[in-house]
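**Student:** What follows is entry_6.cif, mmCIF, C-alpha atoms.
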data_my_file
loop_
_atom_site.label_atom_id
_atom_site.label_comp_id
_atom_site.auth_asym_id
_atom_site.auth_seq_id
_atom_site.Cartn_x
_atom_site.Cartn_y
_atom_site.Cartn_z
CA MET A 201 -12.34 -2.63 -25.86
CA ASN A 202 -9.87 -2.58 -23.01
CA LYS A 203 -10.81 -3.77 -19.55
CA ARG A 204 -10.72 -0.35 -17.94
CA ARG A 205 -13.14 1.15 -20.47
CA GLU A 206 -15.42 -1.86 -20.09
CA PHE A 207 -15.34 -1.50 -16.30
CA LEU A 208 -16.24 2.19 -16.46
CA GLN A 209 -19.02 1.54 -18.96
CA LYS A 210 -20.48 -1.18 -16.75
CA THR A 211 -20.42 1.23 -13.81
CA ALA A 212 -22.27 3.83 -15.85
CA LEU A 213 -24.82 1.29 -17.10
CA GLY A 214 -25.37 0.14 -13.53
CA ALA A 215 -26.13 3.67 -12.43
CA ALA A 216 -28.50 4.16 -15.36
CA ALA A 217 -30.31 0.94 -14.49
CA LEU A 218 -30.95 2.18 -10.98
CA VAL A 219 -32.55 5.36 -12.30
CA THR A 220 -35.09 3.30 -14.26
CA ALA A 221 -35.58 0.68 -11.55
CA PRO A 222 -39.04 -0.02 -10.08
CA ALA A 223 -40.26 2.38 -7.42
CA TRP A 224 -39.86 -0.21 -4.64
CA LEU A 225 -36.17 -0.64 -5.52
CA GLN A 226 -35.58 3.09 -5.81
CA GLY A 227 -36.95 3.38 -2.31
CA ALA A 228 -34.40 0.97 -0.88
CA PRO A 229 -31.26 3.14 -0.60
CA ALA A 230 -29.43 0.72 1.70
CA LEU A 231 -29.89 -2.10 -0.80
CA ILE A 232 -28.90 0.06 -3.75
CA LYS A 233 -25.87 1.43 -1.92
CA SER A 234 -24.35 -2.01 -1.45
CA LEU A 235 -25.37 -3.40 -4.86
CA ASN A 236 -22.42 -5.08 -6.62
CA LYS A 237 -19.90 -3.56 -4.23
CA PRO A 238 -17.09 -5.48 -2.53
CA ASN A 239 -17.08 -6.18 1.19
CA SER A 240 -13.91 -7.52 2.77
CA VAL A 241 -14.89 -7.00 6.40
CA ILE A 242 -15.05 -10.55 7.76
CA ASN A 243 -16.57 -11.09 11.20
CA GLY A 244 -15.45 -7.63 12.27
CA VAL A 245 -11.94 -7.87 10.82
CA GLN A 246 -11.08 -5.47 8.00
CA ILE A 247 -9.13 -7.25 5.30
CA GLY A 248 -7.48 -4.74 3.01
CA CYS A 249 -4.90 -4.78 0.25
CA ILE A 250 -1.95 -2.65 -0.79
CA THR A 251 -2.22 -1.77 -4.46
CA TYR A 252 1.45 -2.73 -4.87
CA SER A 253 -0.03 -6.23 -5.13
CA PHE A 254 -1.19 -5.40 -8.67
CA ARG A 255 2.20 -4.15 -9.91
CA SER A 256 2.49 -7.00 -12.45
CA LEU A 257 -0.60 -5.83 -14.34
CA PRO A 258 -0.05 -3.55 -17.35
CA ASP A 259 -2.30 -0.56 -16.57
CA GLN A 260 -1.34 1.25 -13.37
CA SER A 261 -3.81 4.13 -13.67
CA ALA A 262 -6.14 5.06 -10.82
CA GLU A 263 -9.11 3.73 -12.80
CA ALA A 264 -7.51 0.39 -13.63
CA THR A 265 -6.29 -0.01 -10.06
CA LEU A 266 -9.84 0.47 -8.84
CA GLN A 267 -10.99 -2.22 -11.24
CA TYR A 268 -8.40 -4.67 -9.89
CA VAL A 269 -9.41 -3.93 -6.30
CA VAL A 270 -13.13 -4.39 -6.96
CA GLU A 271 -12.59 -7.59 -8.95
CA SER A 272 -10.52 -8.94 -6.05
CA GLY A 273 -13.42 -8.38 -3.65
CA ILE A 274 -11.51 -5.85 -1.53
CA SER A 275 -13.35 -2.92 0.04
CA SER A 276 -10.49 -0.99 1.70
CA ILE A 277 -6.94 -0.32 0.56
CA GLU A 278 -3.48 1.12 1.09
CA LEU A 279 -2.97 3.12 -2.10
CA MET A 280 0.47 3.46 -3.65
CA GLY A 281 1.48 6.92 -4.78
CA ASP A 282 1.79 6.53 -8.56
CA PRO A 283 -1.85 5.82 -9.53
CA ALA A 284 -3.16 8.74 -7.48
CA GLU A 285 -0.41 11.20 -8.37
CA SER A 286 -0.60 10.37 -12.07
CA PHE A 287 -4.35 11.00 -11.95
CA ALA A 288 -3.65 14.35 -10.28
CA GLY A 289 -1.22 15.36 -13.04
CA LYS A 290 2.25 14.51 -11.74
CA PRO A 291 4.87 14.70 -14.53
CA ALA A 292 5.58 11.30 -16.05
CA SER A 293 8.98 9.83 -15.26
CA PRO A 294 11.40 9.56 -18.20
CA ILE A 295 13.62 7.15 -16.25
CA ASN A 296 13.93 3.43 -16.77
CA ARG A 297 13.82 2.68 -13.04
CA SER A 298 14.24 -1.06 -13.41
CA ARG A 299 17.48 -0.50 -15.33
CA MET A 300 18.71 2.08 -12.82
CA PHE A 301 17.87 -0.29 -9.96
CA GLN A 302 19.72 -3.11 -11.73
CA LEU A 303 22.89 -1.06 -12.21
CA GLY A 304 22.68 0.51 -8.76
CA GLY A 305 22.28 -2.91 -7.18
CA LYS A 306 25.31 -4.18 -9.04
CA GLN A 307 27.31 -1.23 -7.75
CA ARG A 308 26.11 -1.67 -4.15
CA ARG A 309 27.15 -5.33 -4.23
CA GLY A 310 30.68 -4.25 -5.09
CA GLU A 311 30.54 -5.60 -8.63
CA THR A 312 32.56 -3.75 -11.24
CA LEU A 313 30.53 -1.80 -13.79
CA THR A 314 31.77 -1.55 -17.34
CA GLU A 315 32.71 1.93 -18.52
CA ASP A 316 29.48 2.18 -20.51
CA GLU A 317 27.40 0.97 -17.53
CA ALA A 318 29.05 3.47 -15.17
CA LYS A 319 28.36 6.28 -17.63
CA GLU A 320 24.75 5.10 -18.09
CA LEU A 321 24.14 4.95 -14.34
CA LYS A 322 25.62 8.41 -13.79
CA GLU A 323 23.41 9.89 -16.52
CA MET A 324 20.31 8.18 -15.12
CA GLN A 325 21.06 9.42 -11.59
CA ALA A 326 21.41 12.99 -12.88
CA GLU A 327 18.17 12.60 -14.81
CA ALA A 328 16.46 11.26 -11.68
CA GLU A 329 17.63 14.23 -9.63
CA SER A 330 16.28 16.64 -12.23
CA TYR A 331 13.00 14.74 -12.38
CA ASN A 332 12.63 14.78 -8.59
CA GLN A 333 13.05 18.56 -8.66
CA ASN A 334 10.28 18.82 -11.27
CA VAL A 335 8.02 16.62 -9.11
CA ALA A 336 8.73 18.78 -6.05
CA GLN A 337 7.73 21.87 -8.04
CA TRP A 338 4.53 20.16 -9.16
CA ARG A 339 3.70 19.08 -5.62
CA ALA A 340 3.98 22.68 -4.42
CA ASN A 341 0.74 23.46 -6.27
CA ALA A 342 -0.81 20.03 -6.78
CA PRO A 343 -4.62 20.18 -6.98
CA MET A 344 -6.16 18.51 -3.93
CA GLU A 345 -9.45 18.41 -5.84
CA LYS A 346 -8.02 15.61 -7.96
CA PHE A 347 -7.36 13.48 -4.88
CA GLU A 348 -10.88 14.22 -3.68
CA GLN A 349 -12.14 12.99 -7.06
CA ILE A 350 -10.26 9.72 -6.57
CA ARG A 351 -11.76 9.36 -3.10
CA LYS A 352 -15.26 9.79 -4.54
CA MET A 353 -14.63 7.48 -7.50
CA TYR A 354 -13.38 4.75 -5.18
CA LYS A 355 -16.11 5.33 -2.61
CA ASP A 356 -18.80 5.11 -5.28
CA ALA A 357 -17.39 1.70 -6.22
CA GLY A 358 -17.44 0.57 -2.58
CA VAL A 359 -13.74 1.05 -1.82
CA SER A 360 -12.29 3.21 0.95
CA ILE A 361 -8.66 4.29 1.23
CA TYR A 362 -7.14 3.90 4.70
CA ALA A 363 -3.48 4.58 3.85
CA PHE A 364 -1.49 6.43 1.19
CA LYS A 365 2.12 5.67 0.23
CA PRO A 366 3.65 8.30 -2.05
CA ASN A 367 7.40 8.75 -2.32
CA ALA A 368 7.27 12.06 -0.44
CA PHE A 369 8.51 11.37 3.08
CA GLY A 370 12.25 10.84 2.68
CA ALA A 371 15.01 12.84 4.33
CA ASN A 372 15.63 14.57 0.97
CA ASN A 373 11.99 15.63 0.64
CA SER A 374 11.24 19.14 1.85
CA ASP A 375 8.71 19.93 4.57
CA MET A 376 6.51 21.21 1.75
CA GLU A 377 6.57 17.81 0.05
CA VAL A 378 5.82 16.03 3.31
CA ALA A 379 2.91 18.41 3.92
CA TYR A 380 1.70 17.75 0.36
CA GLY A 381 1.72 13.99 0.95
CA MET A 382 -0.23 14.34 4.17
CA LYS A 383 -2.77 16.73 2.65
CA ALA A 384 -3.25 14.41 -0.32
CA ALA A 385 -3.78 11.49 2.09
CA LYS A 386 -6.41 13.49 3.92
CA ALA A 387 -8.14 14.36 0.63
CA LEU A 388 -8.17 10.63 -0.23
CA GLY A 389 -9.84 9.86 3.12
CA ALA A 390 -6.80 8.04 4.56
CA SER A 391 -6.15 7.87 8.28
CA HIS A 392 -2.40 7.46 7.81
CA VAL A 393 0.50 7.59 5.40
CA THR A 394 3.08 4.82 5.13
CA LEU A 395 6.76 4.67 4.29
CA GLU A 396 9.77 2.46 4.78
CA HIS A 397 11.28 3.02 8.22
CA PRO A 398 14.20 5.44 7.60
CA SER A 399 16.36 4.03 10.44
CA ASP A 400 16.97 7.67 11.30
CA ASP A 401 15.67 8.99 14.64
CA ALA A 402 15.83 12.59 13.45
CA GLN A 403 13.64 11.76 10.45
CA THR A 404 11.00 9.87 12.44
CA LEU A 405 10.89 12.79 14.90
CA ARG A 406 10.50 15.24 12.01
CA LEU A 407 7.71 13.23 10.39
CA GLY A 408 5.91 12.72 13.70
CA LYS A 409 5.91 16.45 14.40
CA LEU A 410 4.74 17.26 10.87
CA GLY A 411 2.04 14.61 11.33
CA GLU A 412 0.89 16.43 14.48
CA GLN A 413 0.86 19.70 12.56
CA HIS A 414 -1.18 18.32 9.67
CA GLY A 415 -3.39 15.88 11.59
CA MET A 416 -2.03 12.76 9.89
CA ALA A 417 -0.64 9.54 11.40
CA VAL A 418 2.57 8.04 10.04
CA GLY A 419 3.02 4.26 9.75
CA TYR A 420 6.58 2.93 9.48
CA HIS A 421 7.06 -0.27 7.51
CA GLY A 422 9.92 -2.68 8.08
CA HIS A 423 11.48 -5.64 6.33
CA GLU A 424 13.77 -8.19 7.93
CA GLN A 425 15.28 -5.53 10.20
CA GLU A 426 12.06 -5.62 12.26
CA THR A 427 12.45 -6.57 15.93
CA PHE A 428 10.22 -6.43 19.00
CA THR A 429 11.60 -2.95 19.82
CA PHE A 430 12.06 -1.75 16.22
CA TRP A 431 9.40 0.99 16.46
CA ASP A 432 9.89 2.00 20.10
CA THR A 433 11.83 5.22 19.47
CA ALA A 434 9.46 6.47 16.77
CA ILE A 435 6.30 5.86 18.78
CA ALA A 436 7.86 7.53 21.84
CA GLN A 437 8.68 10.61 19.75
CA SER A 438 5.13 11.45 18.69
CA PRO A 439 1.56 10.22 19.17
CA LYS A 440 1.22 10.42 15.39
CA ASN A 441 3.97 7.85 14.76
CA GLY A 442 2.85 4.23 14.54
CA LEU A 443 3.47 0.82 13.04
CA ASN A 444 2.91 -0.39 9.52
CA LEU A 445 3.88 -3.85 10.74
CA ASP A 446 4.82 -6.55 8.23
CA ALA A 447 3.94 -9.93 9.71
CA GLY A 448 5.64 -11.93 6.97
CA HIS A 449 8.95 -10.09 7.12
CA TYR A 450 8.90 -10.43 10.92
CA ILE A 451 8.75 -14.22 10.59
CA ALA A 452 11.47 -14.22 7.91
CA ALA A 453 13.66 -12.23 10.32
CA GLY A 454 13.59 -15.26 12.61
CA HIS A 455 11.42 -13.94 15.45
CA SER A 456 8.92 -16.10 17.35
CA ASP A 457 7.19 -13.32 19.30
CA LEU A 458 4.92 -11.88 16.60
CA ILE A 459 1.68 -12.48 18.53
CA PRO A 460 3.07 -10.85 21.73
CA LEU A 461 4.23 -7.88 19.62
CA ILE A 462 0.74 -7.40 18.18
CA GLU A 463 -0.81 -7.69 21.63
CA LYS A 464 1.59 -5.11 23.04
CA GLN A 465 1.44 -2.56 20.21
CA HIS A 466 -2.11 -3.04 18.87
CA LYS A 467 -3.09 0.52 19.78
CA ARG A 468 -0.20 1.89 17.74
CA ILE A 469 -0.52 -0.48 14.78
CA LEU A 470 -2.04 1.59 11.98
CA SER A 471 -2.10 -1.26 9.46
CA MET A 472 -0.41 -4.64 9.07
CA HIS A 473 1.01 -6.09 5.88
CA THR A 474 0.08 -9.74 5.70
CA LYS A 475 1.96 -12.35 3.69
CA ASP A 476 3.15 -15.94 4.19
CA ARG A 477 6.92 -16.20 4.55
CA GLN A 478 9.18 -18.91 5.88
CA THR A 479 11.50 -18.77 8.85
CA PRO A 480 15.26 -18.55 8.15
CA ALA A 481 15.56 -22.28 8.88
CA ASN A 482 13.09 -22.99 6.08
CA GLY A 483 14.55 -20.58 3.54
CA LYS A 484 12.71 -17.25 4.10
CA GLY A 485 10.61 -17.78 0.96
CA ASN A 486 7.46 -15.85 0.00
CA LEU A 487 4.85 -18.57 -0.49
CA ALA A 488 1.20 -19.00 -1.33
CA TRP A 489 -0.87 -18.44 1.79
CA GLY A 490 -1.15 -21.46 4.03
CA THR A 491 2.14 -23.01 2.89
CA GLY A 492 4.62 -20.81 4.80
CA ASP A 493 5.36 -20.14 8.47
CA THR A 494 3.47 -16.89 9.12
CA PRO A 495 0.62 -17.68 11.56
CA ILE A 496 -1.90 -15.73 9.49
CA GLY A 497 -4.92 -17.64 10.82
CA ASP A 498 -3.85 -17.11 14.45
CA ILE A 499 -3.30 -13.41 13.82
CA LEU A 500 -6.72 -12.97 12.24
CA GLN A 501 -8.39 -14.86 15.07
CA LEU A 502 -6.57 -12.62 17.56
CA MET A 503 -7.84 -9.54 15.72
CA ARG A 504 -11.37 -10.91 15.77
CA LYS A 505 -11.28 -11.93 19.44
CA ASN A 506 -9.85 -8.63 20.67
CA LYS A 507 -11.76 -6.48 18.16
CA TYR A 508 -8.62 -4.83 16.83
CA LYS A 509 -9.57 -2.14 14.33
CA PHE A 510 -6.40 -1.90 12.25
CA PRO A 511 -6.67 -3.58 8.82
CA ALA A 512 -4.85 -6.74 7.79
CA THR A 513 -3.40 -5.66 4.45
CA ILE A 514 -2.95 -8.36 1.82
CA GLU A 515 0.42 -7.85 0.13
CA LEU A 516 0.92 -10.19 -2.79
CA GLU A 517 4.65 -10.91 -2.97
CA TYR A 518 4.86 -14.58 -3.88
CA GLN A 519 5.35 -15.41 -7.54
CA VAL A 520 2.11 -15.41 -9.50
CA PRO A 521 1.64 -18.94 -10.90
CA GLU A 522 1.57 -19.47 -14.65
CA GLY A 523 -1.96 -19.09 -15.97
CA SER A 524 -3.04 -16.87 -13.09
CA ASP A 525 -2.78 -13.14 -12.42
CA ALA A 526 -2.54 -10.78 -9.47
CA VAL A 527 -6.31 -10.30 -9.17
CA LYS A 528 -6.92 -14.07 -8.97
CA GLU A 529 -4.17 -14.48 -6.37
CA VAL A 530 -5.50 -11.66 -4.18
CA GLN A 531 -8.90 -13.36 -4.40
CA LYS A 532 -7.25 -16.54 -3.07
CA CYS A 533 -5.68 -14.62 -0.18
CA LEU A 534 -9.03 -13.09 0.68
CA GLU A 535 -10.67 -16.52 0.60
CA PHE A 536 -7.97 -17.80 2.95
CA CYS A 537 -8.97 -15.01 5.36
CA ARG A 538 -12.66 -15.92 5.05
CA LYS A 539 -11.93 -19.51 5.97
CA ALA A 540 -9.62 -18.51 8.84
CA LEU A 541 -12.26 -16.21 10.26
CA GLY A 542 -15.27 -18.39 9.45
#
With the file now loaded, output its structure as structure tokens.
**Tutor:**
Amino acid sequence: MNKRREFLQKTALGAAALVTAPAWLQGAPALIKSLNKPNSVINGVQIGCITYSFRSLPDQSAEATLQYVVESGISSIELMGDPAESFAGKPASPINRSRMFQLGGKQRRGETLTEDEAKELKEMQAEAESYNQNVAQWRANAPMEKFEQIRKMYKDAGVSIYAFKPNAFGANNSDMEVAYGMKAAKALGASHVTLEHPSDDAQTLRLGKLGEQHGMAVGYHGHEQETFTFWDTAIAQSPKNGLNLDAGHYIAAGHSDLIPLIEKQHKRILSMHTKDRQTPANGKGNLAWGTGDTPIGDILQLMRKNKYKFPATIELEYQVPEGSDAVKEVQKCLEFCRKALG
């Protein structure tokens, strides 16, 4: 029996047990509601997790992803697009994306591709374009009921979804696809969508205005291009534009003003990716929490002291040690947060 089936059967057995429970227990809805459910709110600070953290695990379905989240002890998440969209019926990709990324990276670095590699990359790019058109057609009539089902399934397990990150908000995506992504986020119960900052003022203006139209906030994520003023243009363009700050990447970019940035922009921070990276002087590595240079404990204490409501999103990016797995490592990150906030 695979883990997902076992998880779902346990959930069903748990529900059946409640039906036959003693009368005094059946009359305690608050107790029953929280029974065996995760809770990652620690002293008023919401610790979340982006489901990208579980990318190394074999089953990426919506059901399996929920299992990973619950086993990690997380009660609120940023949900990547694939698990939700696959559940809703998005056409499966025929493309070997890792191979296409490998060849594309080689090309971008100026390395010479062999004739066969160049032909392979060209064919894969054409296939990707055709697939993206098929996905756009599917999104035009995608059933929002499926996303509502995911919301209920996750909620019943004690997990809320605060952000949604489908690949639907690029400059090449139509307004219809952007609207689809925002409607799906709303159906999932999310307060905002997230995407990589496009470094394109026209695109952030477009997304902000579409966010106003559809009642959905837009959080822009950055890597080592983050600076103190990185988000200023976007947040000036629309009240729906905000930060999906990455604390670890900010440190790896060599900045020492992370705490002042959070204090200044806390009202516009929608969620904050949290990881432990080193400064450039120390190598920029992604390390196990507590061994790098990101002041995670100080950040969490600041959130607690000032009652900031945005979630600190665990993003597992350091290498999973041999003998462990992503769920165990997210558990360790959550325990680090408990100790920092204890």
**Student:** CA of Tyr450 (chain A) and CA of Ile462 (chain A) are how many Å apart?
**Tutor:**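 Computing it gives 11.3 Å between the two atoms.
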**Student:** Name the closest residue to His455 (chain A) among the candidates A:Ala326, A:Ala434, A:Val418, A:Asp493; distances are taken between atoms, counting only C-alpha atoms.
**Tutor:** A:Asp493
**Student:** What is the distance, in Å and to one decimal place, between CA of Phe510 (chain A) and CA of Asn236 (chain A)?
**Tutor:**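 Rounded to one decimal, the two atoms are 25.0 Å apart.
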**Student:** Decode the PyMOL selection byres ((chain A and resi 374) around 12) for the given file into explicit residues and return them as a PDB file with C-alpha atoms, in the coordinates of the input.
**Tutor:**
ATOM      1  CA  ASN A 332      12.630  14.780  -8.590  1.00  0.00           C
ATOM      2  CA  GLN A 333      13.050  18.560  -8.660  1.00  0.00           C
ATOM      3  CA  VAL A 335       8.020  16.620  -9.110  1.00  0.00           C
ATOM      4  CA  ALA A 336       8.730  18.780  -6.050  1.00  0.00           C
ATOM      5  CA  GLN A 337       7.730  21.870  -8.040  1.00  0.00           C
ATOM      6  CA  ARG A 339       3.700  19.080  -5.620  1.00  0.00           C
ATOM      7  CA  ALA A 340       3.980  22.680  -4.420  1.00  0.00           C
ATOM      8  CA  ASN A 367       7.400   8.750  -2.320  1.00  0.00           C
ATOM      9  CA  ALA A 368       7.270  12.060  -0.440  1.00  0.00           C
ATOM     10  CA  PHE A 369       8.510  11.370   3.080  1.00  0.00           C
ATOM     11  CA  GLY A 370      12.250  10.840   2.680  1.00  0.00           C
ATOM     12  CA  ALA A 371      15.010  12.840   4.330  1.00  0.00           C
ATOM     13  CA  ASN A 372      15.630  14.570   0.970  1.00  0.00           C
ATOM     14  CA  ASN A 373      11.990  15.630   0.640  1.00  0.00           C
ATOM     15  CA  ASP A 375       8.710  19.930   4.570  1.00  0.00           C
ATOM     16  CA  MET A 376       6.510  21.210   1.750  1.00  0.00           C
ATOM     17  CA  GLU A 377       6.570  17.810   0.050  1.00  0.00           C
ATOM     18  CA  VAL A 378       5.820  16.030   3.310  1.00  0.00           C
ATOM     19  CA  ALA A 379       2.910  18.410   3.920  1.00  0.00           C
ATOM     20  CA  TYR A 380       1.700  17.750   0.360  1.00  0.00           C
ATOM     21  CA  GLY A 381       1.720  13.990   0.950  1.00  0.00           C
ATOM     22  CA  GLN A 403      13.640  11.760  10.450  1.00  0.00           C
ATOM     23  CA  ARG A 406      10.500  15.240  12.010  1.00  0.00           C
ATOM     24  CA  LEU A 407       7.710  13.230  10.390  1.00  0.00           C
ATOM     25  CA  LEU A 410       4.740  17.260  10.870  1.00  0.00           C
TER      26      LEU A 410
END
**Student:** Could you jot down the CA of Gly542 (chain A) to CA of Ser360 (chain A) separation for me, Å, one decimal place?
**Tutor:** 23.4 Å
**Student:** For the PyMOL selection byres ((chain A and resi 268) around 12), applied here, can you spell out every residue it catches as a compact mmCIF listing (two decimals) with C-alpha atoms, in the coordinates of the input?
**Tutor:**
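What follows is the written file expr-v8.txt:
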# COMPACT_ATOMS: atom_id res chain seq x y z
CA LYS A 203 -10.81 -3.77 -19.55
CA ARG A 204 -10.72 -0.35 -17.94
CA PHE A 207 -15.34 -1.50 -16.30
CA PRO A 238 -17.09 -5.48 -2.53
CA CYS A 249 -4.90 -4.78 0.25
CA ILE A 250 -1.95 -2.65 -0.79
CA THR A 251 -2.22 -1.77 -4.46
CA TYR A 252 1.45 -2.73 -4.87
CA SER A 253 -0.03 -6.23 -5.13
CA PHE A 254 -1.19 -5.40 -8.67
CA ARG A 255 2.20 -4.15 -9.91
CA SER A 256 2.49 -7.00 -12.45
CA LEU A 257 -0.60 -5.83 -14.34
CA PRO A 258 -0.05 -3.55 -17.35
CA ASP A 259 -2.30 -0.56 -16.57
CA GLN A 260 -1.34 1.25 -13.37
CA SER A 261 -3.81 4.13 -13.67
CA ALA A 262 -6.14 5.06 -10.82
CA GLU A 263 -9.11 3.73 -12.80
CA ALA A 264 -7.51 0.39 -13.63
CA THR A 265 -6.29 -0.01 -10.06
CA LEU A 266 -9.84 0.47 -8.84
CA GLN A 267 -10.99 -2.22 -11.24
CA VAL A 269 -9.41 -3.93 -6.30
CA VAL A 270 -13.13 -4.39 -6.96
CA GLU A 271 -12.59 -7.59 -8.95
CA SER A 272 -10.52 -8.94 -6.05
CA GLY A 273 -13.42 -8.38 -3.65
CA ILE A 274 -11.51 -5.85 -1.53
CA SER A 275 -13.35 -2.92 0.04
CA ILE A 277 -6.94 -0.32 0.56
CA TYR A 354 -13.38 4.75 -5.18
CA ALA A 357 -17.39 1.70 -6.22
CA VAL A 359 -13.74 1.05 -1.82
CA ASP A 525 -2.78 -13.14 -12.42
CA ALA A 526 -2.54 -10.78 -9.47
CA VAL A 527 -6.31 -10.30 -9.17
CA LYS A 528 -6.92 -14.07 -8.97
CA GLU A 529 -4.17 -14.48 -6.37
CA VAL A 530 -5.50 -11.66 -4.18
CA GLN A 531 -8.90 -13.36 -4.40
**Student:** So which residues touch region 467-473 of chain A within 7 Å, counting all atoms listed in the file, skipping near sequence neighbours fewer than 2 positions away, as a PyMOL selection string?
**Tutor:** chain A and resi 419+442-447+465+475+510-515
**Student:** Which residue, A:Glu348, A:Glu396, A:Glu535, A:Glu317, has the smallest gap to His421 (chain A) when you use only C-alpha atoms?
**Tutor:**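 The answer is A:Glu396, which sits nearest to His421 (chain A).
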**Student:** Show which residues sit within 9 Å of Ile350 (chain A), as a VMD selection string. Count only C-alpha atoms, and ignore same-chain residues fewer than 2 positions away.
**Tutor:** chain A and resid 262 to 263 284 287 to 288 345 to 348 352 to 355 387 to 388
**Student:** Using all atoms listed in the file, which of A:Phe428, A:Ser391, A:Gln325, A:Lys290 sits nearest Ala342 (chain A)?
**Tutor:**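 Comparing A:Phe428, A:Ser391, A:Gln325, A:Lys290 against Ala342 (chain A), the winner is A:Lys290.
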**Student:** Which residue gives the smallest distance to Pro521 (chain A) among A:Ser240, A:Ser438, A:Tyr362, A:Leu487, with all atoms listed in the file counted?
**Tutor:** A:Leu487
**Student:** Compare A:Phe430, A:Trp338, A:Tyr331, A:Tyr420 by their minimum atom-to-atom distance to Lys365 (chain A), counting all atoms listed in the file, and give me the closest one.
**Tutor:**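 Residue with the minimum atom-to-atom distance to Lys365 (chain A): A:Tyr420.
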**Student:** Please write out, as lines of an AutoDock Vina configuration file, where the centre of an axis-aligned box around all listed atoms of region 520-537 of chain A lies and how long its edges are, in Å to one decimal, after adding 6 Å on each side.
**Tutor:**
center_x = -4.3
center_y = -14.9
center_z = -5.3
size_x = 24.8
size_y = 21.2
size_z = 33.3
**Student:** Tell me which of A:His449, A:Lys237, A:Arg297, A:Lys386 sits closest to Pro480 (chain A), counting only C-alpha atoms.
**Tutor:** A:His449
**Student:** Assuming the chain letters and numbering stay as they are in my file, what does the PyMOL selection byres ((chain A and resi 415) around 10) actually select? List them as a short mmCIF file (atom, residue, chain, number, x, y, z; two decimals) with C-alpha atoms, keeping the file's coordinate frame.
**Tutor:**
data_model
loop_
_atom_site.label_atom_id
_atom_site.label_comp_id
_atom_site.auth_asym_id
_atom_site.auth_seq_id
_atom_site.Cartn_x
_atom_site.Cartn_y
_atom_site.Cartn_z
CA MET A 382 -0.23 14.34 4.17
CA LYS A 383 -2.77 16.73 2.65
CA LYS A 386 -6.41 13.49 3.92
CA SER A 391 -6.15 7.87 8.28
CA HIS A 392 -2.40 7.46 7.81
CA LYS A 409 5.91 16.45 14.40
CA LEU A 410 4.74 17.26 10.87
CA GLY A 411 2.04 14.61 11.33
CA GLU A 412 0.89 16.43 14.48
CA GLN A 413 0.86 19.70 12.56
CA HIS A 414 -1.18 18.32 9.67
CA MET A 416 -2.03 12.76 9.89
CA ALA A 417 -0.64 9.54 11.40
CA VAL A 418 2.57 8.04 10.04
CA LYS A 440 1.22 10.42 15.39
#
**Student:** Select all residues near (-12.1, -19.0, 11.8) (cut-off 9 Å, inclusive, file coordinates), counting only C-alpha atoms, and output them as a ChimeraX atom specification.
**Tutor:** /A:497-498,500-501,537-542
